>>> print(open('query04.txt').read())   # compact mmCIF, C-alpha atoms
# COMPACT_ATOMS: atom_id res chain seq x y z
CA MET F 1122 98.06 81.41 95.01
CA PRO F 1123 95.18 81.13 97.50
CA HIS F 1124 91.65 81.54 96.20
CA PRO F 1125 88.41 82.18 98.05
CA TYR F 1126 86.12 79.27 98.79
CA VAL F 1127 83.90 79.33 95.68
CA LEU F 1128 80.26 78.33 96.15
CA LEU F 1129 78.07 78.03 93.05
CA SER F 1130 74.37 78.64 93.75
CA ALA F 1131 71.55 78.06 91.27
CA ALA F 1132 67.95 76.93 90.91
CA VAL F 1133 66.80 74.94 87.88
CA SER F 1134 63.65 73.36 86.48
CA LEU F 1135 63.30 69.60 86.32
CA ASP F 1136 64.57 69.72 82.75
CA GLY F 1137 67.65 71.77 83.67
CA TYR F 1138 66.70 75.34 82.73
CA LEU F 1139 67.57 78.49 84.65
CA ASP F 1140 64.74 80.54 83.17
CA ASP F 1141 62.22 80.60 80.34
CA THR F 1142 62.12 83.06 77.45
CA GLY F 1143 59.25 85.19 78.76
CA PRO F 1144 59.60 88.90 79.54
CA GLU F 1145 59.56 88.31 83.32
CA ARG F 1146 62.11 86.31 85.29
CA LEU F 1147 60.89 82.78 86.05
CA LEU F 1148 60.83 82.28 89.82
CA LEU F 1149 62.09 78.78 90.49
CA SER F 1150 62.78 78.92 94.24
CA SER F 1151 60.12 78.79 96.93
CA ARG F 1152 59.58 81.50 99.52
CA ALA F 1153 61.46 79.48 102.14
CA ASP F 1154 64.34 78.86 99.74
CA PHE F 1155 64.70 82.58 99.05
CA GLU F 1156 65.09 82.92 102.81
CA ARG F 1157 67.81 80.26 102.74
CA VAL F 1158 69.61 82.10 99.94
CA ASP F 1159 69.47 85.28 102.01
CA GLU F 1160 71.12 83.38 104.86
CA VAL F 1161 73.88 82.11 102.57
CA ARG F 1162 74.46 85.62 101.20
CA ALA F 1163 74.85 86.92 104.74
CA SER F 1164 77.55 84.29 105.40
CA VAL F 1165 79.87 85.19 102.51
CA ASP F 1166 82.30 88.01 101.80
CA ALA F 1167 81.26 88.59 98.19
CA ILE F 1168 78.52 87.69 95.69
CA LEU F 1169 79.34 87.40 91.98
CA VAL F 1170 77.18 87.35 88.86
CA GLY F 1171 78.17 87.47 85.22
CA ALA F 1172 77.39 90.34 82.89
CA GLY F 1173 74.65 88.35 81.16
CA THR F 1174 72.76 87.90 84.43
CA LEU F 1175 73.26 91.55 85.25
CA ARG F 1176 71.74 92.61 81.91
CA ALA F 1177 68.90 90.08 81.92
CA ASP F 1178 67.77 90.22 85.55
CA ASN F 1179 69.02 93.58 86.87
CA PRO F 1180 69.54 91.97 90.31
CA ARG F 1181 70.14 93.84 93.56
CA LEU F 1182 71.99 90.94 95.29
CA LEU F 1183 71.29 92.21 98.80
CA VAL F 1184 71.03 90.63 102.22
CA ASN F 1185 67.35 91.41 102.86
CA SER F 1186 67.10 90.46 106.53
CA PRO F 1187 67.84 93.42 108.86
CA ALA F 1188 68.79 90.93 111.59
CA ARG F 1189 71.37 89.24 109.37
CA ARG F 1190 72.81 92.59 108.30
CA ALA F 1191 73.05 93.64 111.94
CA ALA F 1192 74.82 90.38 112.78
CA ARG F 1193 77.38 91.05 110.04
CA VAL F 1194 78.07 94.52 111.43
CA ALA F 1195 78.36 93.14 114.97
CA ALA F 1196 80.95 90.65 113.68
CA GLY F 1197 83.02 93.49 112.22
CA LYS F 1198 81.94 92.89 108.62
CA PRO F 1199 80.38 95.34 106.16
CA GLU F 1200 76.58 95.43 106.28
CA TYR F 1201 76.43 93.90 102.80
CA PRO F 1202 78.82 91.51 101.04
CA LEU F 1203 80.91 92.95 98.22
CA LYS F 1204 79.02 92.71 94.90
CA VAL F 1205 81.10 91.55 91.94
CA THR F 1206 80.46 91.20 88.24
CA VAL F 1207 82.57 90.17 85.26
CA SER F 1208 82.41 91.68 81.78
CA ALA F 1209 85.00 91.36 79.02
CA SER F 1210 83.41 94.12 76.94
CA GLY F 1211 82.59 96.53 79.76
CA GLU F 1212 79.22 97.17 78.14
CA LEU F 1213 77.15 97.52 81.30
CA ASP F 1214 74.31 99.87 82.14
CA PRO F 1215 75.47 102.47 84.71
CA ASP F 1216 71.85 102.88 85.81
CA ALA F 1217 71.40 99.22 86.80
CA VAL F 1218 70.25 98.80 90.40
CA PHE F 1219 73.30 96.58 91.00
CA TRP F 1220 75.48 99.71 91.21
CA HIS F 1221 73.12 101.78 93.35
CA THR F 1222 72.07 99.41 96.14
CA GLY F 1223 73.99 97.66 98.89
CA GLY F 1224 77.62 98.28 99.75
CA ASP F 1225 80.86 98.10 97.78
CA LYS F 1226 81.02 96.84 94.19
CA ALA F 1227 83.77 95.57 91.91
CA VAL F 1228 83.83 94.73 88.22
CA TYR F 1229 86.50 92.58 86.58
CA THR F 1230 87.14 93.26 82.93
CA THR F 1231 89.74 93.62 80.18
CA ASP F 1232 91.83 96.68 79.29
CA THR F 1233 89.29 97.62 76.63
CA GLY F 1234 86.38 97.04 78.99
CA ALA F 1235 88.00 99.10 81.74
CA ARG F 1236 88.21 102.15 79.47
CA ARG F 1237 84.56 101.76 78.52
CA LEU F 1238 83.45 101.37 82.15
CA ARG F 1239 85.37 104.44 83.30
CA GLU F 1240 83.93 106.50 80.47
CA ALA F 1241 80.44 105.36 81.50
CA GLY F 1242 81.05 106.42 85.10
CA ILE F 1243 80.36 102.98 86.58
CA ALA F 1244 80.24 103.31 90.39
CA ALA F 1245 82.57 100.42 91.30
CA GLU F 1246 86.17 99.39 91.69
CA ILE F 1247 87.24 98.53 88.14
CA VAL F 1248 89.89 95.82 87.87
CA SER F 1249 91.46 95.04 84.51
CA LEU F 1250 92.81 91.53 84.01
CA GLY F 1251 94.66 92.51 80.84
CA ALA F 1252 93.82 91.52 77.29
CA ALA F 1253 91.48 88.70 78.31
CA LEU F 1254 89.52 87.50 81.33
CA ASP F 1255 91.33 85.03 83.56
CA TRP F 1256 89.32 83.36 86.33
CA ALA F 1257 92.37 82.24 88.31
CA ARG F 1258 93.79 85.77 88.38
CA LEU F 1259 90.36 87.15 89.26
CA LEU F 1260 90.05 84.83 92.26
CA GLU F 1261 93.59 85.62 93.38
CA HIS F 1262 92.82 89.35 93.29
CA LEU F 1263 89.60 88.85 95.24
CA HIS F 1264 91.48 86.90 97.89
CA ASP F 1265 94.72 88.84 98.17
CA VAL F 1266 93.62 92.41 97.45
CA LEU F 1267 89.94 92.58 98.42
CA GLY F 1268 90.13 90.11 101.30
CA VAL F 1269 87.40 87.76 100.06
CA ARG F 1270 87.52 84.35 101.74
CA ARG F 1271 84.07 83.03 100.77
CA LEU F 1272 82.56 83.82 97.38
CA MET F 1273 78.98 83.02 96.37
CA VAL F 1274 78.40 82.81 92.61
CA GLU F 1275 74.78 83.26 91.53
CA GLY F 1276 75.10 82.89 87.78
CA GLY F 1277 74.66 82.72 85.04
CA GLY F 1278 75.15 79.41 83.33
CA THR F 1279 78.27 80.50 81.45
CA VAL F 1280 80.00 81.60 84.65
CA HIS F 1281 79.06 78.38 86.46
CA THR F 1282 80.24 76.29 83.53
CA GLN F 1283 83.60 78.04 83.26
CA LEU F 1284 84.36 77.80 86.98
CA LEU F 1285 83.49 74.11 87.09
CA GLN F 1286 85.40 73.24 83.94
CA GLN F 1287 88.46 75.11 85.20
CA ARG F 1288 88.17 73.28 88.55
CA LEU F 1289 87.77 76.47 90.53
CA ALA F 1290 84.48 75.66 92.30
CA ASP F 1291 84.56 74.23 95.82
CA GLU F 1292 80.83 73.56 96.16
CA VAL F 1293 77.64 73.46 94.11
CA GLN F 1294 74.32 74.32 95.77
CA LEU F 1295 71.60 73.27 93.36
CA VAL F 1296 67.87 73.73 93.94
CA LEU F 1297 65.52 71.60 91.83
CA ALA F 1298 62.12 73.17 91.16
CA PRO F 1299 59.03 71.04 90.33
CA LEU F 1300 58.30 72.41 86.87
CA PHE F 1301 59.35 72.05 83.24
CA VAL F 1302 60.41 74.76 80.82
CA GLY F 1303 60.83 72.76 77.61
CA ASP F 1304 62.05 75.70 75.48
CA ALA F 1305 65.27 74.98 73.62
CA LYS F 1306 65.97 78.71 73.46
CA ALA F 1307 65.85 79.13 77.24
CA PRO F 1308 69.14 79.30 79.23
CA ARG F 1309 70.49 76.15 80.79
CA LEU F 1310 72.63 75.91 83.89
CA PHE F 1311 75.63 74.05 82.47
CA GLY F 1312 77.04 74.07 78.97
CA PRO F 1313 78.99 71.40 77.07
CA GLY F 1314 82.69 70.83 77.63
CA GLU F 1315 85.15 68.90 79.76
CA TYR F 1316 84.31 68.63 83.46
CA GLN F 1317 86.03 66.70 86.25
CA GLY F 1318 85.93 62.95 85.96
CA GLY F 1319 84.06 60.69 88.34
CA ARG F 1320 81.19 61.47 90.65
CA LEU F 1321 80.76 64.49 92.86
CA ARG F 1322 80.21 64.00 96.57
CA LEU F 1323 76.65 64.64 97.78
CA VAL F 1324 77.01 66.34 101.17
CA GLU F 1325 73.40 67.40 101.82
CA THR F 1326 69.86 67.07 100.55
CA ARG F 1327 67.02 69.11 102.02
CA VAL F 1328 63.35 69.50 101.13
CA ILE F 1329 62.36 73.17 101.30
CA GLU F 1330 58.62 73.46 100.70
CA ASP F 1331 58.19 72.14 97.15
CA VAL F 1332 61.85 72.40 96.03
CA VAL F 1333 64.87 70.23 96.88
CA LEU F 1334 68.30 71.57 97.78
CA MET F 1335 71.30 69.41 96.87
CA ARG F 1336 74.85 70.31 97.88
CA TYR F 1337 77.79 68.74 96.07
CA GLU F 1338 81.57 68.90 96.38
CA PRO F 1339 84.10 67.90 93.70
CA THR F 1340 86.19 64.81 94.43
CA ALA F 1341 88.60 64.41 91.49
CA PRO F 1342 92.19 65.47 92.24
CA GLY F 1343 93.82 68.21 90.22
CA THR F 1344 96.15 67.40 87.37
CA GLY F 1345 98.67 70.23 87.42
CA PRO F 1346 100.93 72.24 89.72
CA LEU F 1347 98.05 74.22 91.23
CA ALA F 1348 95.75 72.87 93.92
CA ALA F 1349 92.20 72.15 92.76
CA PRO F 1350 89.22 72.43 95.16
CA ALA F 1351 89.16 68.65 95.62
CA ASP F 1352 92.86 68.74 96.51
CA ARG F 1353 92.06 71.03 99.42
CA HIS F 1354 89.27 68.70 100.55
CA TRP F 1355 91.52 65.62 100.62
CA LEU F 1356 94.44 67.47 102.20
CA ARG F 1357 92.12 68.68 104.94
CA ILE F 1358 91.26 65.03 105.66
CA ALA F 1359 94.97 64.17 105.78
CA CYS F 1360 95.50 66.90 108.38
CA GLU F 1361 92.56 65.56 110.41
CA LEU F 1362 94.12 62.09 110.32
CA ALA F 1363 97.37 63.55 111.65
CA ALA F 1364 95.48 64.73 114.71
CA GLN F 1365 94.45 61.11 115.39
CA CYS F 1366 98.01 59.82 115.69
CA PRO F 1367 99.23 58.42 119.04
CA PRO F 1368 101.55 61.13 120.40
CA SER F 1369 105.31 60.69 120.12
CA ARG F 1370 108.41 62.65 121.07
CA THR F 1371 110.58 60.96 118.47
CA ALA F 1372 108.45 61.17 115.30
CA PHE F 1373 106.00 63.45 113.56
CA SER F 1374 102.24 62.90 113.52
CA VAL F 1375 101.18 62.70 109.86
CA GLY F 1376 98.04 61.75 107.96
CA ALA F 1377 97.80 60.51 104.36
CA VAL F 1378 95.08 59.72 101.82
CA ILE F 1379 95.44 58.07 98.41
CA VAL F 1380 92.83 59.13 95.83
CA ALA F 1381 92.30 57.83 92.29
CA ALA F 1382 91.97 60.18 89.33
CA ASP F 1383 88.18 59.84 89.34
CA GLY F 1384 87.94 60.92 93.00
CA THR F 1385 87.64 57.44 94.51
CA GLU F 1386 89.43 57.13 97.84
CA LEU F 1387 91.77 54.13 97.66
CA ALA F 1388 93.17 54.20 101.20
CA ARG F 1389 94.13 56.35 104.14
CA GLY F 1390 96.57 56.02 107.01
CA HIS F 1391 98.33 57.85 109.81
CA SER F 1392 101.58 57.65 111.75
CA ARG F 1393 101.95 54.77 114.26
CA GLU F 1394 98.76 53.20 112.98
CA ALA F 1395 97.63 49.86 114.45
CA GLY F 1396 100.15 50.13 117.28
CA ASP F 1397 103.23 50.07 115.02
CA PRO F 1398 105.53 52.64 116.68
CA VAL F 1399 107.54 53.34 113.51
CA ALA F 1400 104.77 53.25 110.86
CA HIS F 1401 104.59 56.32 108.63
CA ALA F 1402 101.30 57.62 107.26
CA GLU F 1403 102.03 57.16 103.54
CA GLU F 1404 103.47 53.70 104.23
CA ALA F 1405 100.34 52.70 106.16
CA ALA F 1406 98.04 53.94 103.40
CA LEU F 1407 99.99 52.29 100.56
CA ALA F 1408 99.97 48.96 102.41
CA LYS F 1409 96.19 48.88 102.06
CA VAL F 1410 96.23 49.14 98.25
CA ASP F 1411 96.95 46.22 95.93
CA PRO F 1412 100.29 47.08 94.26
CA ALA F 1413 98.82 45.85 90.97
CA ASP F 1414 95.88 48.27 91.15
CA PRO F 1415 96.05 50.17 87.83
CA ARG F 1416 94.52 53.25 89.47
CA LEU F 1417 97.76 53.96 91.34
CA ALA F 1418 99.38 55.33 88.19
CA GLY F 1419 96.88 58.18 88.03
CA ALA F 1420 96.40 58.61 91.76
CA THR F 1421 97.37 61.46 94.06
CA VAL F 1422 98.84 61.00 97.54
CA TYR F 1423 97.79 63.63 100.07
CA SER F 1424 100.10 63.93 103.05
CA SER F 1425 99.96 66.50 105.83
CA LEU F 1426 103.78 66.48 105.92
CA GLU F 1427 106.18 66.18 103.01
CA PRO F 1428 106.95 62.44 102.51
CA CYS F 1429 110.28 61.51 104.04
CA ALA F 1430 113.42 61.11 101.93
CA ARG F 1431 115.49 59.33 104.61
CA ARG F 1432 114.56 57.19 107.60
CA ALA F 1433 116.29 54.77 109.96
CA SER F 1434 113.30 52.64 110.95
CA ARG F 1435 112.57 51.04 107.56
CA PRO F 1436 114.64 50.16 104.46
CA LEU F 1437 112.78 52.59 102.20
CA PRO F 1438 111.57 56.17 102.85
CA CYS F 1439 108.01 57.12 101.99
CA ALA F 1440 109.01 59.18 98.95
CA ARG F 1441 110.58 56.06 97.43
CA LEU F 1442 107.55 53.91 98.38
CA ILE F 1443 105.30 56.39 96.56
CA LEU F 1444 107.45 56.33 93.44
CA ASP F 1445 107.73 52.53 93.48
CA ALA F 1446 103.92 52.32 93.68
CA GLY F 1447 103.70 54.27 90.43
CA VAL F 1448 102.10 57.39 91.92
CA ARG F 1449 103.26 60.57 90.21
CA ARG F 1450 101.42 63.33 92.07
CA VAL F 1451 101.74 64.31 95.72
CA VAL F 1452 99.95 67.14 97.54
CA THR F 1453 101.32 68.21 100.90
CA ALA F 1454 100.77 70.97 103.44
CA TRP F 1455 104.15 71.31 105.12
CA ARG F 1456 107.81 70.83 104.18
CA GLU F 1457 109.63 68.61 106.68
CA PRO F 1458 111.64 70.66 109.20
CA ASP F 1459 115.13 69.63 110.36
CA THR F 1460 113.81 68.35 113.70
CA PHE F 1461 114.87 64.73 113.12
CA VAL F 1462 116.57 64.74 109.71
CA GLU F 1463 118.96 67.48 108.64
CA GLY F 1464 118.21 68.79 105.15
CA ALA F 1465 115.17 66.58 104.61
CA ASP F 1466 113.99 66.88 101.01
CA GLY F 1467 111.28 64.41 100.12
CA THR F 1468 110.09 66.85 97.46
CA GLY F 1469 113.45 66.66 95.73
CA LEU F 1470 113.47 62.85 95.72
CA LEU F 1471 109.92 62.75 94.37
CA ALA F 1472 110.65 65.33 91.66
CA ALA F 1473 113.80 63.47 90.61
CA GLY F 1474 111.66 60.37 90.21
CA GLY F 1475 109.20 62.17 87.92
CA ALA F 1476 106.49 63.02 90.45
CA GLU F 1477 104.81 66.39 90.71
CA VAL F 1478 104.67 67.81 94.23
CA VAL F 1479 102.09 70.48 95.09
CA LEU F 1480 102.56 72.44 98.30
CA VAL F 1481 99.42 74.01 99.80
CA PRO F 1482 100.75 76.24 102.61
CA GLU F 1483 97.29 77.36 103.74
CA PHE F 1484 97.07 73.98 105.55
CA GLU F 1485 100.49 74.20 107.21
CA ALA F 1486 99.06 75.38 110.53
CA ALA F 1487 96.70 72.38 110.66
CA ALA F 1488 99.57 70.02 109.82
CA ARG F 1489 101.83 71.53 112.49
CA GLU F 1490 99.20 71.53 115.24
CA PRO F 1491 99.56 67.88 116.38
CA ASN F 1492 103.35 68.36 116.30
CA ARG F 1493 103.61 71.50 118.41
CA HIS F 1494 105.43 69.66 121.19
CA LEU F 1495 108.24 68.78 118.75
CA LEU F 1496 108.82 72.22 117.34
CA GLY F 1497 109.92 74.21 120.41
>>> encode(input="query04.txt", output="structure tokens")
Amino acid sequence: MPHPYVLLSAAVSLDGYLDDTGPERLLLSSRADFERVDEVRASVDAILVGAGTLRADNPRLLVNSPARRAARVAAGKPEYPLKVTVSASGELDPDAVFWHTGGDKAVYTTDTGARRLREAGIAAEIVSLGAALDWARLLEHLHDVLGVRRLMVEGGGTVHTQLLQQRLADEVQLVLAPLFVGDAKAPRLFGPGEYQGGRLRLVETRVIEDVVLMRYEPTAPGTGPLAAPADRHWLRIACELAAQCPPSRTAFSVGAVIVAADGTELARGHSREAGDPVAHAEEAALAKVDPADPRLAGATVYSSLEPCARRASRPLPCARLILDAGVRRVVTAWREPDTFVEGADGTGLLAAGGAEVVLVPEFEAAAREPNRHLLG
């Protein structure tokens, strides 16, 4: 199911702490960075904090700039983003300023927590996720029911850790403050556990007065039947490659990227690459990788269109080339229509060969765009 774009936002000390243990909240960001955060808040549909942050900091989570609020209203959005919190127990203070400032609020909880919240008269939409909290279901509900497309998560460390470890975060915005905390009892940003393999992609660094903003995106492909944030990133690139194809009236325009399990790009290709009028995208990409490369066994192929199961221009279709290369995971945006091949089913051929095929229909429009002239 589709999820919102999940942006994790945090500021930490040089030694990785979110706060100290003093009675007042430790201000890590600079004045100019607080202004940047306000700008990011104004750009999203919802802002989420965990129950621990709500209890410790009693945040308002508002867009402070009147001009930014006015711009939201002019764009047909609510004046303030939806405010969201998560609490398994439902033990939240109904007098917290979170509930009594800004616009709409929602709290995700368990069946037990929902009863407690209703008894306390919490002024918010109360959504029970059943016997236990489930981040995937929470994000689906935000997207499908509450219409949230961009979600900013402002803490705390437990929430950030869980979303990263479950591969549900699309971006990390981390601000590094020039001070040390040095208290082992103080809260840290990330906890122990299993994270994605490999290196994240650094997409921006910016000096803001005396702090540094760093923006990262995950790169490692998913490992199951659901699309991970990095899967969406690579599939977006495949769709962009499709738009670069020389036009044809007898073949689809397709882009493909091959990515190792640690997030390293192995190769990319597109239809009719290098002047070959019958070259397919997956074929072009695979030709650039050494067949003996051991990383192929754990790699994912991203293709804007389902790899072909039958073709007349080459001895082997792309689905068979993928299987013969040892790749066992394919992510695609669009099932092949019957335009050129009746009953095309590359997914079936791949599945029969032991590969997992993940369809991400939210990218179908982008995959179809360079092929509009073929679709009638």
>>> atom_distance(input="query04.txt", atom1="CA of Ala1402 in chain F", atom2="CA of Arg1322 in chain F")
24.5 Å
>>> residues_around(input="query04.txt", residues="range 1307-1311 of chain F", least_positions_apart="6", cutoff="10 Å", atoms="all atoms listed in the file", output="list in words")
Ala1131, Ala1132, Val1133, Ser1134, Asp1136, Gly1137, Tyr1138, Leu1139, Asp1140, Asp1141, Thr1142, Gly1143, Gly1276, Gly1277, Gly1278, Thr1279, Val1280, His1281, Thr1282, Gln1283, Leu1285, Gln1286 and Leu1295 of chain F
>>> closest_residue(input="query04.txt", among="F:Val1332, F:Ala1241, F:Val1452, F:Leu1300", to="Pro1346 in chain F", atoms="only C-alpha atoms")
F:Val1452
>>> closest_residue(input="query04.txt", among="F:Leu1147, F:Ala1257, F:Ala1217, F:Val1448", to="Ala1349 in chain F", atoms="all atoms listed in the file")
F:Ala1257
>>> closest_residue(input="query04.txt", among="F:Leu1437, F:Val1228, F:Ala1341, F:Val1462", to="Ala1420 in chain F", atoms="only C-alpha atoms")
F:Ala1341
>>> residues_around(input="query04.txt", residues="Ser1369 in chain F", least_positions_apart="5", cutoff="12 Å", atoms="only C-alpha atoms", output="PyMOL selection string")
chain F and resi 1363-1364+1374-1375+1392-1393+1397-1400+1491-1495
>>> atom_distance(input="query04.txt", atom1="CA of Arg1456 in chain F", atom2="CA of Glu1427 in chain F")
5.1 Å
>>> residues_around(input="query04.txt", residues="Asp1414 in chain F", least_positions_apart="6", cutoff="10 Å", atoms="all atoms listed in the file", output="VMD selection string")
chain F and resid 1387 1446 to 1447
>>> closest_residue(input="query04.txt", among="F:Glu1156, F:Glu1394, F:Asp1232, F:Asp1265", to="Pro1123 in chain F", atoms="all atoms listed in the file")
F:Asp1265
>>> atom_distance(input="query04.txt", atom1="CA of Gly1251 in chain F", atom2="CA of Val1218 in chain F")
27.0 Å
